[in-house]
>>> print(open('entry28.cif').read())   # mmCIF, C-alpha atoms
data_structure
loop_
_atom_site.label_atom_id
_atom_site.label_comp_id
_atom_site.auth_asym_id
_atom_site.auth_seq_id
_atom_site.Cartn_x
_atom_site.Cartn_y
_atom_site.Cartn_z
CA MET A 131 -32.48 154.82 9.80
CA ILE A 132 -31.68 151.77 7.63
CA PRO A 133 -33.37 148.57 8.94
CA GLN A 134 -31.16 145.59 9.79
CA VAL A 135 -31.34 142.68 7.37
CA ASN A 136 -31.27 139.13 8.69
CA ARG A 137 -28.98 137.65 6.07
CA SER A 138 -29.33 134.07 7.41
CA ALA A 139 -33.11 134.18 7.13
CA LEU A 140 -32.79 135.72 3.65
CA TRP A 141 -30.53 132.93 2.43
CA LEU A 142 -32.75 130.25 3.94
CA ASP A 143 -35.74 131.83 2.23
CA ARG A 144 -33.94 131.83 -1.12
CA LEU A 145 -32.85 128.22 -0.66
CA LYS A 146 -36.34 127.02 0.30
CA PRO A 147 -37.44 125.97 -3.25
CA TYR A 148 -34.22 124.03 -3.70
CA ARG A 149 -34.58 122.31 -0.33
CA GLU A 150 -38.13 121.26 -1.19
CA ARG A 151 -36.94 119.95 -4.55
CA LEU A 152 -34.19 117.94 -2.89
CA THR A 153 -36.61 116.49 -0.38
CA LYS A 154 -39.02 115.49 -3.12
CA THR A 155 -36.20 114.00 -5.15
CA HIS A 156 -35.10 111.98 -2.12
CA GLU A 157 -38.63 110.61 -1.73
CA LEU A 158 -38.98 109.70 -5.41
CA VAL A 159 -39.04 105.99 -6.14
CA VAL A 160 -35.81 104.84 -7.77
CA GLU A 161 -36.73 102.18 -10.29
CA GLY A 162 -34.54 99.26 -11.17
CA THR A 163 -34.44 96.49 -13.71
CA LEU A 164 -34.79 92.74 -13.53
CA SER A 165 -31.42 91.17 -14.24
CA ARG A 166 -31.83 87.47 -13.51
CA MET A 167 -34.32 84.78 -12.51
CA VAL A 168 -33.25 81.43 -11.06
CA GLY A 169 -36.06 79.14 -10.01
CA LEU A 170 -38.54 81.39 -8.24
CA THR A 171 -35.93 83.94 -7.16
CA LEU A 172 -35.81 87.25 -9.03
CA GLU A 173 -32.72 89.45 -8.94
CA ALA A 174 -33.02 93.20 -9.50
CA VAL A 175 -30.41 95.95 -9.78
CA GLY A 176 -30.62 99.74 -9.68
CA CYS A 177 -33.21 100.08 -6.91
CA ARG A 178 -33.25 100.02 -3.14
CA ALA A 179 -35.92 98.36 -1.01
CA ALA A 180 -36.05 97.03 2.54
CA ILE A 181 -36.58 93.41 3.53
CA GLY A 182 -40.30 92.64 3.57
CA SER A 183 -41.29 95.55 1.31
CA ARG A 184 -43.20 95.06 -1.92
CA CYS A 185 -42.20 95.74 -5.53
CA GLN A 186 -44.13 95.81 -8.78
CA ILE A 187 -42.49 94.23 -11.85
CA GLU A 188 -43.83 95.42 -15.18
CA THR A 189 -43.62 92.97 -18.07
CA LYS A 190 -43.09 94.09 -21.66
CA GLN A 191 -46.80 93.39 -22.23
CA GLY A 192 -47.75 95.87 -19.49
CA ARG A 193 -48.76 93.24 -16.89
CA MET A 194 -47.83 94.00 -13.27
CA ILE A 195 -46.41 91.20 -11.11
CA GLU A 196 -46.09 91.69 -7.35
CA ALA A 197 -43.04 90.46 -5.48
CA GLU A 198 -41.56 90.82 -2.01
CA VAL A 199 -37.97 91.56 -1.05
CA VAL A 200 -36.51 88.51 0.70
CA GLY A 201 -32.79 89.29 0.60
CA PHE A 202 -30.00 91.43 -0.81
CA ALA A 203 -26.30 91.26 -1.68
CA GLY A 204 -24.48 94.55 -2.29
CA THR A 205 -26.47 96.51 -4.87
CA ARG A 206 -28.64 93.54 -5.82
CA ILE A 207 -31.96 92.70 -4.19
CA PHE A 208 -33.65 89.31 -4.27
CA LEU A 209 -37.38 89.12 -4.80
CA MET A 210 -39.91 86.31 -4.43
CA PRO A 211 -43.12 86.61 -6.51
CA THR A 212 -46.52 86.29 -4.88
CA THR A 213 -48.30 85.51 -8.18
CA GLU A 214 -47.59 83.72 -11.46
CA VAL A 215 -44.46 84.89 -13.27
CA HIS A 216 -45.38 84.15 -16.88
CA GLY A 217 -44.16 86.90 -19.21
CA LEU A 218 -41.12 87.98 -17.21
CA GLU A 219 -37.89 88.61 -19.08
CA SER A 220 -34.62 90.43 -18.60
CA ASP A 221 -34.67 94.24 -18.16
CA CYS A 222 -38.29 94.42 -16.95
CA ARG A 223 -38.96 97.49 -14.80
CA VAL A 224 -38.86 96.94 -11.02
CA ILE A 225 -40.79 99.60 -9.07
CA PRO A 226 -40.34 99.59 -5.26
CA MET A 227 -43.58 100.23 -3.39
CA HIS A 228 -41.97 100.98 0.01
CA ASN A 229 -44.86 99.36 1.89
CA ASN A 230 -44.75 96.24 4.00
CA SER A 231 -47.30 93.46 3.81
CA MET A 232 -50.52 94.31 5.62
CA ALA A 233 -53.70 92.43 6.51
CA ARG A 234 -57.22 93.85 6.30
CA VAL A 235 -59.16 92.88 9.42
CA GLY A 236 -62.63 93.38 10.86
CA TYR A 237 -65.87 91.63 11.75
CA GLY A 238 -66.87 91.70 8.08
CA LEU A 239 -64.47 88.78 7.55
CA LEU A 240 -66.71 86.37 9.48
CA GLY A 241 -68.14 83.75 7.16
CA ARG A 242 -65.63 84.55 4.41
CA VAL A 243 -62.92 82.55 2.65
CA LEU A 244 -59.73 84.47 1.74
CA ASP A 245 -56.46 83.76 -0.02
CA GLY A 246 -53.01 84.53 1.37
CA ALA A 247 -53.19 88.10 0.08
CA GLY A 248 -56.51 88.76 1.82
CA ASN A 249 -58.60 88.62 -1.36
CA PRO A 250 -62.00 86.84 -1.22
CA LEU A 251 -62.33 83.41 -2.84
CA ASP A 252 -66.02 82.77 -2.10
CA ASN A 253 -67.69 85.07 -4.68
CA LYS A 254 -69.65 86.85 -1.94
CA GLY A 255 -68.68 90.35 -2.95
CA PRO A 256 -66.06 92.77 -1.60
CA LEU A 257 -64.77 92.54 1.94
CA LYS A 258 -65.90 94.94 4.64
CA THR A 259 -62.98 95.57 6.96
CA ASP A 260 -62.25 97.95 9.82
CA ALA A 261 -58.47 98.29 9.97
CA LEU A 262 -55.08 97.43 8.50
CA VAL A 263 -52.55 95.53 10.63
CA SER A 264 -49.06 94.23 9.96
CA LEU A 265 -48.71 90.62 8.87
CA ASN A 266 -45.79 90.22 11.28
CA GLY A 267 -47.70 91.29 14.39
CA THR A 268 -46.39 93.03 17.51
CA PRO A 269 -44.53 91.00 20.16
CA ILE A 270 -46.10 90.84 23.63
CA ASN A 271 -43.99 91.08 26.76
CA PRO A 272 -44.10 87.55 28.23
CA LEU A 273 -44.46 88.99 31.74
CA SER A 274 -47.56 90.91 30.63
CA ARG A 275 -49.49 87.91 29.34
CA LYS A 276 -52.34 86.62 31.43
CA PRO A 277 -51.67 83.14 32.85
CA ILE A 278 -53.72 80.24 31.51
CA ARG A 279 -56.30 79.44 34.18
CA GLU A 280 -59.54 78.68 32.29
CA SER A 281 -60.42 75.68 30.15
CA LEU A 282 -61.79 75.87 26.63
CA ASP A 283 -64.48 73.42 25.53
CA VAL A 284 -63.60 71.95 22.12
CA GLY A 285 -66.50 69.48 21.99
CA ILE A 286 -64.27 66.37 21.79
CA ARG A 287 -64.75 63.91 24.68
CA ALA A 288 -61.22 62.50 24.65
CA ILE A 289 -59.66 65.98 24.67
CA ASN A 290 -62.04 67.57 27.18
CA SER A 291 -61.52 64.77 29.67
CA MET A 292 -57.93 63.57 29.15
CA LEU A 293 -56.14 66.47 27.42
CA CYS A 294 -57.90 69.56 28.71
CA VAL A 295 -57.22 72.67 26.66
CA GLY A 296 -56.71 76.04 28.35
CA ARG A 297 -57.73 79.39 26.90
CA GLY A 298 -54.54 80.75 25.35
CA GLN A 299 -52.80 77.37 25.02
CA ARG A 300 -50.87 76.34 21.89
CA LEU A 301 -51.04 72.65 20.99
CA GLY A 302 -49.67 70.55 18.18
CA LEU A 303 -51.73 67.94 16.36
CA PHE A 304 -49.16 65.38 15.22
CA ALA A 305 -50.33 63.05 12.49
CA GLY A 306 -49.35 61.31 9.29
CA THR A 307 -51.41 61.57 6.15
CA GLY A 308 -54.92 60.13 6.09
CA VAL A 309 -55.53 59.57 9.81
CA GLY A 310 -58.38 62.04 10.26
CA LYS A 311 -56.75 65.30 11.35
CA SER A 312 -58.88 67.46 9.03
CA ILE A 313 -62.08 65.87 10.36
CA LEU A 314 -60.91 66.47 13.93
CA LEU A 315 -60.21 70.12 13.11
CA GLY A 316 -63.66 70.44 11.56
CA MET A 317 -65.29 68.98 14.67
CA MET A 318 -63.49 71.47 16.90
CA THR A 319 -64.47 74.30 14.58
CA LYS A 320 -68.17 73.42 14.91
CA PHE A 321 -68.30 72.39 18.57
CA THR A 322 -65.92 74.79 20.34
CA SER A 323 -67.13 77.33 22.89
CA ALA A 324 -64.75 79.99 21.48
CA ASP A 325 -66.34 83.18 20.17
CA ILE A 326 -64.57 83.16 16.80
CA VAL A 327 -62.70 80.51 14.81
CA VAL A 328 -59.90 81.32 12.37
CA VAL A 329 -58.77 78.48 10.11
CA GLY A 330 -55.58 78.58 8.06
CA LEU A 331 -55.34 75.89 5.37
CA ILE A 332 -51.71 76.14 4.30
CA GLY A 333 -50.46 74.01 1.41
CA GLU A 334 -53.53 71.77 1.34
CA ARG A 335 -54.81 70.09 -1.82
CA GLY A 336 -57.41 72.23 -3.62
CA ARG A 337 -59.97 69.42 -3.46
CA GLU A 338 -59.71 69.23 0.32
CA VAL A 339 -60.31 72.96 0.70
CA ASN A 340 -63.79 72.84 -0.81
CA GLU A 341 -64.63 69.65 1.08
CA PHE A 342 -63.59 71.27 4.36
CA VAL A 343 -65.78 74.31 3.70
CA GLN A 344 -68.84 72.49 2.38
CA LYS A 345 -68.80 69.16 4.20
CA THR A 346 -66.65 69.32 7.32
CA LEU A 347 -67.30 72.91 8.41
CA GLY A 348 -70.82 73.40 7.05
CA GLU A 349 -72.94 76.53 6.83
CA GLU A 350 -73.45 76.89 10.59
CA GLY A 351 -69.78 76.46 11.39
CA LEU A 352 -68.80 79.03 8.75
CA LYS A 353 -70.93 81.82 10.27
CA ARG A 354 -68.44 82.53 13.09
CA ALA A 355 -65.33 81.47 11.20
CA VAL A 356 -62.77 83.04 8.90
CA LEU A 357 -60.86 80.79 6.48
CA VAL A 358 -57.50 81.70 4.96
CA VAL A 359 -56.63 79.32 2.14
CA THR A 360 -53.35 78.97 0.23
CA PRO A 361 -53.41 75.65 -1.68
CA ALA A 362 -50.36 73.58 -2.52
CA ASP A 363 -50.02 75.17 -5.98
CA SER A 364 -49.58 78.67 -4.49
CA PRO A 365 -46.09 80.24 -4.55
CA PRO A 366 -44.11 79.56 -1.35
CA LEU A 367 -44.26 83.21 -0.30
CA MET A 368 -48.06 83.15 -0.57
CA ARG A 369 -48.20 80.04 1.62
CA VAL A 370 -46.11 81.84 4.24
CA HIS A 371 -48.39 84.88 3.98
CA GLY A 372 -51.42 82.64 4.47
CA ALA A 373 -50.16 81.52 7.88
CA LEU A 374 -49.25 85.09 8.84
CA MET A 375 -52.62 86.38 7.59
CA ALA A 376 -54.59 83.86 9.68
CA THR A 377 -52.56 84.77 12.76
CA SER A 378 -53.00 88.52 12.20
CA ILE A 379 -56.78 88.11 11.90
CA ALA A 380 -56.84 86.06 15.11
CA GLU A 381 -54.76 88.73 16.87
CA TYR A 382 -57.22 91.44 15.84
CA PHE A 383 -60.20 89.60 17.34
CA ARG A 384 -58.18 88.78 20.48
CA ASP A 385 -57.38 92.46 20.95
CA GLN A 386 -61.13 93.13 20.71
CA GLY A 387 -61.58 90.97 23.83
CA ARG A 388 -62.74 87.84 21.99
CA ASP A 389 -61.78 84.23 22.71
CA VAL A 390 -60.41 82.93 19.41
CA LEU A 391 -59.70 79.37 18.31
CA LEU A 392 -56.94 79.34 15.68
CA LEU A 393 -56.61 76.13 13.66
CA MET A 394 -53.65 75.94 11.29
CA ASP A 395 -53.16 73.05 8.91
CA SER A 396 -50.27 72.73 8.70
CA LEU A 397 -47.20 74.05 10.50
CA THR A 398 -45.06 71.63 8.49
CA ARG A 399 -46.09 73.11 5.13
CA PHE A 400 -45.42 76.59 6.52
CA ALA A 401 -41.88 75.42 7.33
CA GLN A 402 -41.51 73.78 3.92
CA ALA A 403 -42.51 77.03 2.20
CA HIS A 404 -39.85 78.88 4.22
CA ARG A 405 -37.34 76.19 3.23
CA GLU A 406 -38.08 76.81 -0.46
CA ILE A 407 -37.53 80.54 -0.02
CA ALA A 408 -34.34 80.18 2.03
CA LEU A 409 -32.75 77.65 -0.31
CA ALA A 410 -33.66 79.81 -3.33
CA ILE A 411 -31.57 82.70 -1.93
CA ASP A 412 -28.63 80.35 -1.23
CA GLU A 413 -29.03 79.85 2.52
CA PRO A 414 -27.19 76.62 3.35
CA PRO A 415 -29.29 73.65 4.52
CA ALA A 416 -28.72 72.36 8.05
CA THR A 417 -31.01 69.55 9.22
CA LYS A 418 -32.59 67.30 6.56
CA GLY A 419 -32.53 70.15 4.07
CA TYR A 420 -34.04 72.76 6.43
CA PRO A 421 -31.94 75.96 6.74
CA PRO A 422 -31.43 77.45 10.23
CA SER A 423 -33.81 80.36 9.54
CA VAL A 424 -36.75 77.94 9.32
CA PHE A 425 -36.31 76.94 12.96
CA ALA A 426 -36.23 80.63 13.94
CA LYS A 427 -39.51 81.29 12.07
CA LEU A 428 -41.49 78.59 13.91
CA PRO A 429 -41.40 80.18 17.40
CA HIS A 430 -41.93 83.61 15.83
CA LEU A 431 -45.25 82.38 14.43
CA VAL A 432 -46.35 80.26 17.39
CA GLU A 433 -45.55 82.87 20.06
CA ARG A 434 -48.04 85.28 18.49
CA ALA A 435 -50.88 83.09 19.78
CA GLY A 436 -51.83 82.92 23.45
CA ASN A 437 -53.44 85.27 25.94
CA ALA A 438 -53.39 89.03 25.43
CA ASP A 439 -51.73 91.56 27.71
CA HIS A 440 -54.87 93.73 27.71
CA GLY A 441 -58.51 93.52 26.68
CA GLY A 442 -59.15 90.06 28.09
CA GLY A 443 -59.00 88.17 24.81
CA SER A 444 -57.17 84.95 23.98
CA ILE A 445 -55.99 82.84 21.05
CA THR A 446 -56.11 79.10 21.64
CA ALA A 447 -54.19 77.56 18.77
CA PHE A 448 -53.96 74.08 17.24
CA TYR A 449 -51.15 73.55 14.74
CA THR A 450 -51.12 70.32 12.76
CA VAL A 451 -47.68 68.82 12.26
CA LEU A 452 -47.25 66.25 9.50
CA ALA A 453 -45.20 63.27 10.59
CA GLU A 454 -43.33 62.18 7.47
CA GLY A 455 -43.47 58.41 7.30
CA ASP A 456 -45.31 58.50 10.67
CA ASP A 457 -42.04 59.59 12.27
CA THR A 458 -42.90 62.03 15.06
CA ASN A 459 -39.19 62.80 15.58
CA ASP A 460 -38.48 64.52 12.26
CA PRO A 461 -36.87 68.01 12.57
CA ILE A 462 -40.07 70.09 12.31
CA ALA A 463 -42.03 67.84 14.69
CA ASP A 464 -39.19 67.89 17.19
CA ALA A 465 -38.84 71.68 16.98
CA ALA A 466 -42.62 72.15 17.29
CA ARG A 467 -42.79 70.11 20.49
CA GLY A 468 -40.25 72.45 22.04
CA VAL A 469 -42.27 75.63 21.41
CA LEU A 470 -45.82 74.32 21.98
CA ASP A 471 -47.73 73.82 25.23
CA GLY A 472 -48.62 70.21 24.51
CA HIS A 473 -49.19 67.76 21.69
CA ILE A 474 -51.94 65.41 20.56
CA VAL A 475 -50.74 62.42 18.54
CA LEU A 476 -53.02 60.67 16.05
CA SER A 477 -52.22 56.98 15.56
CA ARG A 478 -52.39 55.29 12.16
CA THR A 479 -52.90 51.93 13.88
CA LEU A 480 -56.05 53.25 15.61
CA ALA A 481 -57.29 54.84 12.39
CA GLU A 482 -56.83 51.63 10.43
CA SER A 483 -58.86 49.76 13.07
CA GLY A 484 -61.76 52.20 12.65
CA HIS A 485 -61.10 54.05 15.94
CA TYR A 486 -61.97 57.76 15.44
CA PRO A 487 -60.79 60.21 16.49
CA ALA A 488 -57.54 58.24 16.41
CA ILE A 489 -55.99 59.98 19.45
CA ASP A 490 -53.12 58.09 21.05
CA ILE A 491 -53.76 58.90 24.72
CA GLU A 492 -50.43 57.44 25.89
CA ALA A 493 -48.35 59.60 23.53
CA SER A 494 -50.36 62.82 24.01
CA VAL A 495 -50.04 65.41 26.75
CA SER A 496 -51.44 68.81 27.69
CA ARG A 497 -48.89 70.73 29.74
CA VAL A 498 -51.38 73.17 31.25
CA MET A 499 -53.98 70.58 32.23
CA PRO A 500 -52.97 70.39 35.95
CA ASP A 501 -53.42 74.17 36.22
CA ILE A 502 -56.95 74.39 34.79
CA ILE A 503 -58.79 71.41 36.31
CA ASP A 504 -59.58 70.42 39.89
CA ALA A 505 -57.92 67.60 41.85
CA HIS A 506 -60.85 65.23 41.35
CA HIS A 507 -60.74 65.53 37.56
CA LEU A 508 -56.96 65.11 37.56
CA GLN A 509 -57.23 61.95 39.67
CA LEU A 510 -59.82 60.47 37.29
CA ALA A 511 -57.64 61.23 34.27
CA ARG A 512 -54.62 59.56 35.87
CA GLU A 513 -56.65 56.45 36.76
CA PHE A 514 -57.96 56.27 33.20
CA ARG A 515 -54.44 56.50 31.78
CA ARG A 516 -53.20 53.83 34.19
CA LEU A 517 -55.89 51.37 33.14
CA TYR A 518 -55.39 52.12 29.44
CA SER A 519 -51.60 51.69 29.67
CA LEU A 520 -51.84 48.48 31.70
CA TYR A 521 -54.00 46.88 29.04
CA GLN A 522 -51.74 48.03 26.19
CA GLN A 523 -48.61 46.74 27.95
CA ASN A 524 -50.15 43.29 28.46
CA ARG A 525 -52.18 43.18 25.26
CA ASP A 526 -50.15 40.43 23.59
CA LEU A 527 -50.36 38.15 26.65
CA ILE A 528 -54.10 38.76 26.92
CA SER A 529 -54.67 38.15 23.18
CA VAL A 530 -52.95 34.75 23.11
CA GLY A 531 -54.52 33.64 26.39
CA ALA A 532 -51.23 33.57 28.30
CA TYR A 533 -52.53 35.80 31.07
CA GLN A 534 -54.40 33.97 33.81
CA PRO A 535 -57.29 35.95 35.35
CA GLY A 536 -56.69 36.67 39.03
CA SER A 537 -52.93 36.94 38.66
CA ASP A 538 -52.97 40.72 39.07
CA PRO A 539 -56.06 42.65 40.27
CA ARG A 540 -54.92 45.77 38.41
CA ILE A 541 -54.72 43.95 35.07
CA ASP A 542 -58.06 42.28 35.77
CA ARG A 543 -59.64 45.70 36.21
CA ALA A 544 -57.95 46.98 33.03
CA ILE A 545 -59.35 44.03 31.06
CA GLU A 546 -62.81 44.59 32.51
CA LYS A 547 -62.83 48.31 31.68
CA ASN A 548 -61.13 48.12 28.27
CA PRO A 549 -64.30 47.85 26.09
CA ALA A 550 -65.83 50.85 27.91
CA ILE A 551 -62.55 52.77 27.60
CA LEU A 552 -62.44 52.25 23.83
CA ARG A 553 -66.07 53.37 23.46
CA PHE A 554 -65.33 56.43 25.60
CA LEU A 555 -62.43 57.51 23.37
CA GLN A 556 -64.46 57.20 20.17
CA GLN A 557 -66.87 59.84 18.95
CA ASP A 558 -69.02 60.39 15.89
CA MET A 559 -68.09 63.40 13.77
CA ASP A 560 -71.60 64.90 14.18
CA GLU A 561 -71.67 64.47 17.97
CA ALA A 562 -70.65 67.26 20.36
CA VAL A 563 -69.63 66.39 23.94
CA ASP A 564 -69.02 69.30 26.29
CA ILE A 565 -66.70 69.33 29.30
CA THR A 566 -69.43 68.64 31.89
CA ARG A 567 -70.74 65.63 30.03
CA SER A 568 -67.20 64.37 29.40
CA LEU A 569 -66.40 64.46 33.13
CA ASN A 570 -69.71 62.78 34.06
CA GLU A 571 -69.10 59.94 31.60
CA LEU A 572 -65.53 59.56 32.88
CA GLU A 573 -66.82 59.24 36.46
CA LEU A 574 -69.44 56.71 35.34
CA LEU A 575 -66.85 54.65 33.50
CA LEU A 576 -64.51 54.46 36.49
CA GLY A 577 -67.40 53.89 38.92
CA THR A 578 -66.66 56.85 41.20
CA ASN A 579 -69.95 58.76 41.15
#
>>> encode(input="entry28.cif", output="structure tokens")
Amino acid sequence: MIPQVNRSALWLDRLKPYRERLTKTHELVVEGTLSRMVGLTLEAVGCRAAIGSRCQIETKQGRMIEAEVVGFAGTRIFLMPTTEVHGLESDCRVIPMHNNSMARVGYGLLGRVLDGAGNPLDNKGPLKTDALVSLNGTPINPLSRKPIRESLDVGIRAINSMLCVGRGQRLGLFAGTGVGKSILLGMMTKFTSADIVVVGLIGERGREVNEFVQKTLGEEGLKRAVLVVTPADSPPLMRVHGALMATSIAEYFRDQGRDVLLLMDSLTRFAQAHREIALAIDEPPATKGYPPSVFAKLPHLVERAGNADHGGGSITAFYTVLAEGDDTNDPIADAARGVLDGHIVLSRTLAESGHYPAIDIEASVSRVMPDIIDAHHLQLAREFRRLYSLYQQNRDLISVGAYQPGSDPRIDRAIEKNPAILRFLQQDMDEAVDITRSLNELELLLGTN
């Protein structure tokens, strides 16, 4: 008896080598060539790569330059370099890597200073990391987030008493140049009760970076901190990656159940870096030169901070916002106020008078404060604000002697308490004041204990 032959199986078996060859050919990297460079934008043809993926560009001298895909038009892809571009010329090889930007994370990062690519800058040897995570993070269902119900001690009397910060809150630090925002960030880094501090210095001057590490932060403050530094001379894409890297590191520690304090200086320079990228790929400007995509990137970054949906961790974030010309209503400042849970305004007038930290209590607000403090504390804070505002509203009359004592008992009390109020709001940069002490001093000042 002749056995039956399964012709379909036979043909599939014969075609197997060809199928494997086709699959391998499909997976092969299709290289392209560099056709044009305008500003910092590179244009390549002949290759395919997804938005956010990396490419290697080989110069004629054999040097490899890394770039990221930021746009495409038909068969052309637009790349933005993450390093220096010296040596590039037409027809250089473009090799797609087909991998998105990742961040190396782990407890071995504590005490280290990194650049926007995650490479060490502190000459302390190679990094010891535990995992790789995406720079873009994973969105959390807003209904799954834990509500903000606990306060976080930041060691600043004026903030602990008048602008209480909740674990998982996102606040903006609005300030012009030279009013002490970096010193305030350094104080919070050293004095906070958070388990881990992640600092992102985005677009800062190189001189200020070393001063922040050596002088402001200090050796003790660095032990539980991770610094991600992308100075002003870094390419715009690297400055963007620096902000994303700092946030990814903070997310990792939050998912480990840690309370993290994320300090980013500054949100404005993050937006300016995105503006450079968007304008370079011909996105039209909208508001004061900022393209629409910039205003979409801000909430995408800020919403990654906050409480976790599992594990019990939190990210309490402070984002500094530069007020150009001391105008707190510029487009980035206005957009930031809409996506943050409060704002602290630093006043140049106070700074010039030697009042540090130069926090403008009248212009600052913490939106979660009523939910994390008791009724007694809230009543004290409102009385303090009332006295402070009364004095400021009548300051000119009081200064020229036009106000007659006894005319208004409320103003009389504001005048009496004003010297103590000003002393209360000031604090030395080496002094830490916890929440309990802040509340006790507030009670003593108002005479309620």
>>> residues_around(input="entry28.cif", residues="segment 257-263 of chain A", least_positions_apart="3", cutoff="6 Å", atoms="only C-alpha atoms", output="number ranges by chain")
A: 232-236, 238
>>> write_last_selection(input="entry28.cif", atoms="C-alpha atoms", output="short mmCIF file (atom, residue, chain, number, x, y, z; two decimals), in the frame of the given file")
data_model
loop_
_atom_site.label_atom_id
_atom_site.label_comp_id
_atom_site.auth_asym_id
_atom_site.auth_seq_id
_atom_site.Cartn_x
_atom_site.Cartn_y
_atom_site.Cartn_z
CA MET A 232 -50.52 94.31 5.62
CA ALA A 233 -53.70 92.43 6.51
CA ARG A 234 -57.22 93.85 6.30
CA VAL A 235 -59.16 92.88 9.42
CA GLY A 236 -62.63 93.38 10.86
CA GLY A 238 -66.87 91.70 8.08
#
>>> resolve_selection(input="entry28.cif", expression="the PyMOL selection byres ((chain A and resi 323-329) around 6)", output="VMD selection string")
chain A and resid 283 322 330 354 to 357 389 to 394
>>> write_last_selection(input="entry28.cif", atoms="C-alpha atoms", output="PDB file, in the frame of the given file")
ATOM      1  CA  ASP A 283     -64.480  73.420  25.530  1.00  0.00           C
ATOM      2  CA  THR A 322     -65.920  74.790  20.340  1.00  0.00           C
ATOM      3  CA  GLY A 330     -55.580  78.580   8.060  1.00  0.00           C
ATOM      4  CA  ARG A 354     -68.440  82.530  13.090  1.00  0.00           C
ATOM      5  CA  ALA A 355     -65.330  81.470  11.200  1.00  0.00           C
ATOM      6  CA  VAL A 356     -62.770  83.040   8.900  1.00  0.00           C
ATOM      7  CA  LEU A 357     -60.860  80.790   6.480  1.00  0.00           C
ATOM      8  CA  ASP A 389     -61.780  84.230  22.710  1.00  0.00           C
ATOM      9  CA  VAL A 390     -60.410  82.930  19.410  1.00  0.00           C
ATOM     10  CA  LEU A 391     -59.700  79.370  18.310  1.00  0.00           C
ATOM     11  CA  LEU A 392     -56.940  79.340  15.680  1.00  0.00           C
ATOM     12  CA  LEU A 393     -56.610  76.130  13.660  1.00  0.00           C
ATOM     13  CA  MET A 394     -53.650  75.940  11.290  1.00  0.00           C
TER      14      MET A 394
END
>>> axis_aligned_box(input="entry28.cif", around="segment 359-375 of chain A", padding_each_side="4 Å", output="AutoDock Vina command-line options")
--center_x -50.4 --center_y 80.0 --center_z 1.4 --size_x 20.5 --size_y 20.8 --size_z 22.8
>>> atom_distance(input="entry28.cif", atom1="atom CA of Phe383 of chain A", atom2="atom CA of Val432 of chain A")
16.7 Å
>>> closest_residue(input="entry28.cif", among="A:Val498, A:Asn266, A:Gln523, A:Pro361", to="Gly336 of chain A", atoms="only C-alpha atoms")
A:Pro361
>>> resolve_selection(input="entry28.cif", expression="the PyMOL selection byres ((chain A and resi 418) around 12)", output="JSON, numbers by chain")
{"A": [402, 405, 414, 415, 416, 417, 419, 420, 421, 422, 424, 454, 460, 461, 462]}
